[in-house]
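Following: one structure in structure tokens, then a few remarks.
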Amino acid sequence: MRKRTIVIFLLAIACGILFGQWYGREEHISEQPVVEEMFVEPLPVYTTESFVIEEGDTFAVIMERMGYDYEDMQKVLDAGEGMYDFTQIVLGKKFVMKKKDGLFDAIVYDINSEEQAVITKNDAGDFVVTKQDIAYDVTEEHVHGTIEASLFVDGNKAGLEDRTILALADVFAWEIDFATVIQPGDSFDLLYEKRTRDGAAAPAGDILAARFVNRGKEYTAVRFVDPDGGIGYYANDGTSLQKPFLKAPLAYSRISSGYSNARFHPVTQSTAPHLAIDYAAPMGTAILSTGDGVVTTARYTGGYGNFISIHHNDTWVTQYAHLSRYAVSAGDRVEQGQIIGYVGSTGWSTGPHLHYEMVKNGTKVNPLNVELPAGDPIPDEWRAAFDEQKNAYRAFFEQE
Ligand SMILES: [Zn+2]
């Protein structure tokens, strides 16, 4: 009897375990979210409205058109202090008012191609102005071109925007004088950021890597953002593309008279050495200091007309003659690429041009032939980071 009781007892336990497992499983299944009754919040409705700045519009006028009074306008100006000055808005640009469910969300104004000023309100209802990067969709675009006419013409033909062509000329400004040494058959390749915004074409972004072949010689450039956040271009062996002197003091021009030991001068009607380069350029073209330095002279000097002399260091001086106007005075410290004056025809000159001299240790040298010292290469501690960035463009540099 006792044995049977135990058997029944064990059977009961076994059944219990099995049932428990089954029941448990059932329970587990029922824990899955079946169909939950959810309150679905309707998606907010965003709307935008554009207000283009028209002839004669002030910020007050445009604010009024957006539905704000003078007091609000003043509050936005105050909120923008140190961030963006809305009195500087530009004709043809626009303010975009964003609303969420019909209520104010933000007003956005593109300051330039990279940044926008954003007007919002904080919890207290006060206007707040911030600056943010404009969001673009970016793809890397490879463009190849061959020079037939000029960098500008053939760059445009290859589909490049003016700003990208200028940026390319800037990248190689220390290596190649685009005004004078470019010739048919030269070629360029560049990898740059093609950008769109909300599906529409937008201004191109940065050049990431570039190659330029001038008279058979290849120049390379890699954009490198260093660990300190500095941005520069280096040749792909890590040497700096930046030199103490620019190749030319003008962005676009042509040489009208080269460096010569005997040249007939049309004004003086005599033959004399011309230890300089004359760049023909339209009246008023900006003249750039080719290097960092201090202006030692900026005054009318005989046949040189309006004349500037810049002391760069104990070895180098550069001089600029026949200017129409000055942008600096004697004693000013100038940076490489800074505008120091404008092309003119003062002094002994027959037409607008810049007479440019380089003086090394007191002796005039030919700016087109002079070997200029190189800038600093990638420092050792950044070498690995540079190589990594360069390797990202390996396919670009390895193609023919
Ligand atoms: Zn000259």
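Labeling convention for the structure tokens: chains A, B, ... as they appear, residues from 1 per chain, ligands from 1 in order of appearance.
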Restrict the calculation to only C-alpha atoms, then for each residue of range 137-206 of chain A with any atom at most 12 Å from an atom of range 110-127 of chain A give the closest atom pair and their distance in Å to one decimal, rows by chain and rising residue number, as a Markdown table.
| residue | atom | partner | partner_atom | distance |
| --- | --- | --- | --- | --- |
| A:Arg163 | CA | A:Ser113 | CA | 11.1 |
| A:Arg195 | CA | A:Ser113 | CA | 10.9 |
| A:Thr196 | CA | A:Ser113 | CA | 11.7 |
| A:Arg197 | CA | A:Ser113 | CA | 11.0 |
| A:Ala202 | CA | A:Ser113 | CA | 8.5 |
| A:Pro203 | CA | A:Ser113 | CA | 6.9 |
| A:Ala204 | CA | A:Ser113 | CA | 9.1 |
| A:Gly205 | CA | A:Glu114 | CA | 8.8 |
| A:Asp206 | CA | A:Glu114 | CA | 11.0 |
- Which polymer residues have any atom within 8 Å of an atom of range 321-332 of chain A, counting only C-alpha atoms, with same-chain residues fewer than 6 positions away left out, as a VMD selection string? chain A and resid 283 to 284 294 to 298 304 to 308 339 to 349 352 to 356
Just-selected residues, N, CA and C atoms written as a tab-separated table (two decimals), in the first residue's frame:
chain	number	residue	atom	x	y	z
A	283	MET	N	43.96	97.59	-63.77
A	283	MET	CA	44.04	98.63	-62.74
A	283	MET	C	43.19	98.21	-61.54
A	284	GLY	N	43.78	98.28	-60.35
A	284	GLY	CA	43.00	97.97	-59.14
A	284	GLY	C	43.08	96.53	-58.69
A	294	VAL	N	57.50	92.85	-42.39
A	294	VAL	CA	57.17	94.20	-41.92
A	294	VAL	C	57.37	95.17	-43.08
A	295	VAL	N	56.37	96.05	-43.28
A	295	VAL	CA	56.47	97.06	-44.34
A	295	VAL	C	57.48	98.11	-43.90
A	296	THR	N	58.55	98.29	-44.68
A	296	THR	CA	59.56	99.29	-44.31
A	296	THR	C	59.36	100.58	-45.10
A	297	THR	N	58.78	100.47	-46.32
A	297	THR	CA	58.53	101.65	-47.15
A	297	THR	C	57.15	101.53	-47.78
A	298	ALA	N	56.40	102.61	-47.79
A	298	ALA	CA	55.13	102.66	-48.52
A	298	ALA	C	54.92	104.12	-48.91
A	304	TYR	N	59.68	104.38	-59.52
A	304	TYR	CA	58.87	103.28	-58.99
A	304	TYR	C	57.42	103.71	-58.71
A	305	GLY	N	57.18	105.03	-58.71
A	305	GLY	CA	55.84	105.51	-58.38
A	305	GLY	C	55.51	105.14	-56.94
A	306	ASN	N	54.26	104.79	-56.71
A	306	ASN	CA	53.87	104.34	-55.36
A	306	ASN	C	54.52	102.97	-55.12
A	307	PHE	N	55.29	102.91	-54.06
A	307	PHE	CA	56.22	101.79	-53.89
A	307	PHE	C	56.13	101.20	-52.48
A	308	ILE	N	56.19	99.89	-52.40
A	308	ILE	CA	56.19	99.20	-51.10
A	308	ILE	C	57.40	98.28	-51.02
A	339	ILE	N	46.52	91.52	-48.61
A	339	ILE	CA	46.49	92.57	-49.64
A	339	ILE	C	47.26	93.79	-49.11
A	340	ILE	N	48.27	94.22	-49.87
A	340	ILE	CA	49.07	95.36	-49.44
A	340	ILE	C	48.80	96.61	-50.28
A	341	GLY	N	48.19	96.42	-51.46
A	341	GLY	CA	47.90	97.56	-52.31
A	341	GLY	C	47.24	97.09	-53.59
A	342	TYR	N	47.17	98.01	-54.58
A	342	TYR	CA	46.43	97.70	-55.81
A	342	TYR	C	47.24	98.12	-57.02
A	343	VAL	N	47.10	97.36	-58.08
A	343	VAL	CA	47.84	97.62	-59.31
A	343	VAL	C	47.50	99.00	-59.86
A	344	GLY	N	48.55	99.70	-60.31
A	344	GLY	CA	48.36	101.02	-60.90
A	344	GLY	C	49.39	101.26	-61.99
A	345	SER	N	49.64	102.52	-62.27
A	345	SER	CA	50.58	102.86	-63.33
A	345	SER	C	51.34	104.13	-62.96
A	346	THR	N	51.66	104.26	-61.66
A	346	THR	CA	52.36	105.46	-61.19
A	346	THR	C	53.86	105.33	-61.45
A	347	GLY	N	54.54	106.47	-61.52
A	347	GLY	CA	55.99	106.45	-61.80
A	347	GLY	C	56.25	106.23	-63.28
A	348	TRP	N	57.41	105.66	-63.60
A	348	TRP	CA	57.75	105.40	-65.00
A	348	TRP	C	57.07	104.12	-65.44
A	349	SER	N	55.89	104.30	-65.98
A	349	SER	CA	55.09	103.15	-66.36
A	349	SER	C	54.21	103.53	-67.54
A	352	PRO	N	48.92	99.86	-66.67
A	352	PRO	CA	48.77	99.20	-65.36
A	352	PRO	C	49.55	97.88	-65.30
A	353	HIS	N	50.45	97.80	-64.35
A	353	HIS	CA	51.18	96.54	-64.12
A	353	HIS	C	51.83	96.60	-62.75
A	354	LEU	N	52.23	95.46	-62.27
A	354	LEU	CA	52.98	95.40	-61.02
A	354	LEU	C	54.42	95.01	-61.34
A	355	HIS	N	55.33	95.81	-60.84
A	355	HIS	CA	56.76	95.51	-60.97
A	355	HIS	C	57.15	94.87	-59.63
A	356	TYR	N	57.60	93.64	-59.68
A	356	TYR	CA	57.86	92.87	-58.46
A	356	TYR	C	59.32	92.44	-58.39
- Task: May I ask you to write as a list in words all residues lying at most 6 Å from ligand 1, with only C-alpha atoms and all ligand atoms counted?
- Result: Ala276, Ile277, Asp278 and His355 of chain A
- Message: as a PyMOL selection string, please: the residues near Phe104 in chain A (cut-off 12 Å, only C-alpha atoms, same-chain neighbours under 2 positions excluded).
- Response: chain A and resi 45-49+66-68+96-102+106-108+119-122+125+127
- Best match for closeness to Met63 in chain A among A:Tyr136, A:Phe51, A:Phe224, A:Tyr233, counting only C-alpha atoms: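 Of all the options, A:Phe51 lies closest to Met63 in chain A.
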- Message: Just want the 9 Å neighbourhood of Ser260 in chain A, counted on only C-alpha atoms, with same-chain residues fewer than 5 positions away dropped. Output as a PyMOL selection string.
- Response: chain A and resi 272-277+366
- Item | Which of range 47-218 of chain A DSSP labels alpha helix (DSSP H), written as a PyMOL selection string | chain A and resi 59-65+70-79+151-157+162-171
- Task: Write out as a PyMOL selection string the residues lying within 10 Å of range 69-75 of chain A, counting only C-alpha atoms and excluding same-chain residues fewer than 3 positions away.
- Result: chain A and resi 59-66+78-80+86+126-128
With C-alpha atoms retained, export the selected residues as a JSON list (two decimals), in the first residue's frame.
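Result went into selection_24.json, see below:
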[["chain", "number", "residue", "atom", "x", "y", "z"],
["A", 59, "PHE", "CA", 16.47, 93.74, -40.71],
["A", 60, "ALA", "CA", 13.55, 95.64, -39.18],
["A", 61, "VAL", "CA", 11.63, 95.45, -42.46],
["A", 62, "ILE", "CA", 12.20, 91.73, -42.89],
["A", 63, "MET", "CA", 11.23, 91.07, -39.26],
["A", 64, "GLU", "CA", 8.04, 93.03, -39.77],
["A", 65, "ARG", "CA", 7.27, 90.94, -42.84],
["A", 66, "MET", "CA", 7.71, 87.85, -40.68],
["A", 78, "ASP", "CA", 20.58, 91.97, -28.70],
["A", 79, "ALA", "CA", 20.41, 88.18, -28.53],
["A", 80, "GLY", "CA", 22.68, 88.00, -31.55],
["A", 86, "PHE", "CA", 21.71, 90.89, -38.21],
["A", 126, "ASP", "CA", 13.21, 84.96, -24.87],
["A", 127, "PHE", "CA", 14.94, 84.99, -28.25],
["A", 128, "VAL", "CA", 18.19, 83.04, -28.45]]
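If you look at CA of Lys360 in chain A and CA of Trp316 in chain A, they are 4.9 Å away from each other.
Atom pair CA of Asn236 in chain A / CA of Asp380 in chain A has a distance of 14.7 Å (rounded to one decimal).
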- Quick one: residues within 7 Å of Phe188 in chain A, only C-alpha atoms counted, chain neighbours fewer than 4 positions away excluded, as a PyMOL selection string? chain A and resi 144-146+211-213
Would you output that residue set with C-alpha atoms, as a PDB file, in the first residue's frame?
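Written output follows (part18.pdb):
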ATOM      1  CA  HIS A 144      40.171  65.078 -64.094  1.00  0.00           C
ATOM      2  CA  GLY A 145      41.036  67.776 -66.574  1.00  0.00           C
ATOM      3  CA  THR A 146      43.679  68.764 -69.089  1.00  0.00           C
ATOM      4  CA  ARG A 211      47.453  66.201 -58.274  1.00  0.00           C
ATOM      5  CA  PHE A 212      48.748  68.706 -60.770  1.00  0.00           C
ATOM      6  CA  VAL A 213      51.159  67.844 -63.550  1.00  0.00           C
TER       7      VAL A 213
END
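What separates CA of Lys94 in chain A from CA of Leu160 in chain A is a distance of 25.7 Å.
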- Counting only C-alpha atoms, the option among A:Ile176, A:Ala248, A:Val359, A:Ala149 closest to Asn313 in chain A: A:Val359
- Of the residues A:Pro367, A:Gly337, A:Pro244, A:Gly238, which is the one nearest to Asp387 in chain A, using only C-alpha atoms? A:Gly238
